[in-house]
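A.B. asks: Handing you a structure now.
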Amino acid sequence: MTMDLDVIERLMRMLAESEVEELEVTEGNLRIRLAKGAAVRSKVAGAQVAAGTAAANDANSLRLPRGDDEPEPGPAANSDLHIIVSGLPGTFFRAPAPGAEPFVSEGAAVRDGQQLAIVEAMKMMNPVEADCDGTVLEVLVGDAAPVQAGTPLFRVRKTSA
């Protein structure tokens with residue numbers, strides 16, 4: 001079951017314009033949790049994918065399940081491998097500013113919640129965060145590339161906790 005991106009964007013706007021601090025919506029096996037302030041982590045349909053929406057000192061966190069066009073992992077799939085995808089459409093940036101060092105590079109160790117990149121959408125810089133501890137094996141998207149919700153951004157090898 002999928003939730004329309006327009007519905008999710010409307011929920012994000014409603015939350016930002018209200019005094020409500022946190023909002024959770026469940027539709028079938030899909031659960032979306034939006035919160036103001038610090039990023040909130042939750043499991044959605046068995047897959048964890050991080051993306052946040054930040055404006056000044058206010059941040060909303062959103063996790064989406066694997067896209068419909070991505071194949072389900074087969075029985076031989078390596079459970080240590082994890083794909084981090086974009087939570088919304090926009091432009092992918094690896095660094096905080098032009099000419100700056102990227103947030104992470106291939107081979108870098110990352111922690112759950114660590115910022116990996118930015119997706120710019122509607123003039124807002126939305127942090128892309130790791131949703132597990134691990135090592136970045138591959139950056140799947142070039143800098144300044146357009147992305148859609150569900151576009152794979154990073155391949156990460158999870159580390160055991």
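Scheme for the structure tokens: letters A, B, ... for chains in order shown; per-chain residue numbers from 1; ligand numbers from 1 in order shown.
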May I have the residues within 7 Å of Val85 of chain A as a ChimeraX atom specification, using only C-alpha atoms and disregarding those fewer than 2 positions away in the same chain?

C.D. replies: /A:49,83,87,150-154

A.B. asks: Could the residues in this selection be written to a file with N, CA, C and O atoms, as a tab-separated table (two decimals), in the first residue's frame?

C.D. replies:
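Saved as out-v2.tsv:
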```tsv
chain	number	residue	atom	x	y	z
A	49	VAL	N	14.05	4.13	6.14
A	49	VAL	CA	14.66	5.04	5.18
A	49	VAL	C	14.57	6.43	5.76
A	49	VAL	O	13.50	6.86	6.16
A	83	ILE	N	20.02	0.17	1.71
A	83	ILE	CA	19.93	1.28	0.77
A	83	ILE	C	19.21	2.44	1.46
A	83	ILE	O	18.13	2.26	2.01
A	87	GLY	N	13.62	10.78	0.51
A	87	GLY	CA	12.26	10.80	1.03
A	87	GLY	C	11.35	11.73	0.26
A	87	GLY	O	10.14	11.71	0.46
A	150	GLY	N	12.07	8.05	-3.13
A	150	GLY	CA	12.37	6.63	-3.33
A	150	GLY	C	13.62	6.37	-4.14
A	150	GLY	O	14.03	5.23	-4.29
A	151	THR	N	14.27	7.42	-4.68
A	151	THR	CA	15.50	7.23	-5.44
A	151	THR	C	16.60	6.75	-4.49
A	151	THR	O	16.87	7.40	-3.48
A	152	PRO	N	17.25	5.60	-4.80
A	152	PRO	CA	18.36	5.14	-3.95
A	152	PRO	C	19.51	6.14	-4.00
A	152	PRO	O	19.93	6.57	-5.07
A	153	LEU	N	20.02	6.52	-2.81
A	153	LEU	CA	21.09	7.51	-2.72
A	153	LEU	C	22.42	6.90	-2.26
A	153	LEU	O	23.47	7.24	-2.77
A	154	PHE	N	22.36	6.01	-1.26
A	154	PHE	CA	23.56	5.42	-0.68
A	154	PHE	C	23.36	3.93	-0.47
A	154	PHE	O	22.29	3.48	-0.09
```

A.B. asks: Just want the 7 Å neighbourhood of Ala121 of chain A, counted on only C-alpha atoms, with same-chain residues fewer than 6 positions away dropped. Output as a PyMOL selection string.

C.D. replies: chain A and resi 89-91

A.B. asks: Which residue, A:Met122, A:Asp131, A:Thr26, A:Val139, has the smallest gap to Pro102 of chain A when you use only C-alpha atoms?

C.D. replies: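 Of A:Met122, A:Asp131, A:Thr26, A:Val139, the one nearest Pro102 of chain A is A:Val139, counting only C-alpha atoms.
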
A.B. asks: What is the atom CA of Ala108 of chain A-atom CA of Phe92 of chain A distance in Å, reported with one decimal?

C.D. replies: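 The value is 18.6 Å.
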
A.B. asks: So which one's closest to Lys158 of chain A, A:Asp112, A:Glu9, A:Glu120, A:Asp133? Using only C-alpha atoms, please.

C.D. replies: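 Ranking A:Asp112, A:Glu9, A:Glu120, A:Asp133 by distance to Lys158 of chain A, first place goes to A:Asp133.
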
A.B. asks: What does the structure give for the distance between atom CA of Leu15 of chain A and atom CA of Pro96 of chain A, in Å to one decimal?

C.D. replies: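 A separation of 25.8 Å between them.
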
A.B. asks: With distances taken over only C-alpha atoms, which of A:Arg94, A:Arg157, A:Arg111, A:Lys123 is nearest to Ala144 of chain A?

C.D. replies: A:Arg94

A.B. asks: Which value, in Å to one decimal, gives the distance between atom CA of Ser105 of chain A and atom CA of Leu137 of chain A?

C.D. replies: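 Separation of atom CA of Ser105 of chain A and atom CA of Leu137 of chain A: 8.7 Å.
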
A.B. asks: Calculated over only C-alpha atoms, which of the candidates A:Phe103, A:Gln114, A:Ala16, A:Val7 has the smallest distance to Ala35 of chain A?

C.D. replies: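 Counting only C-alpha atoms, the residue closest to Ala35 of chain A is A:Ala16.
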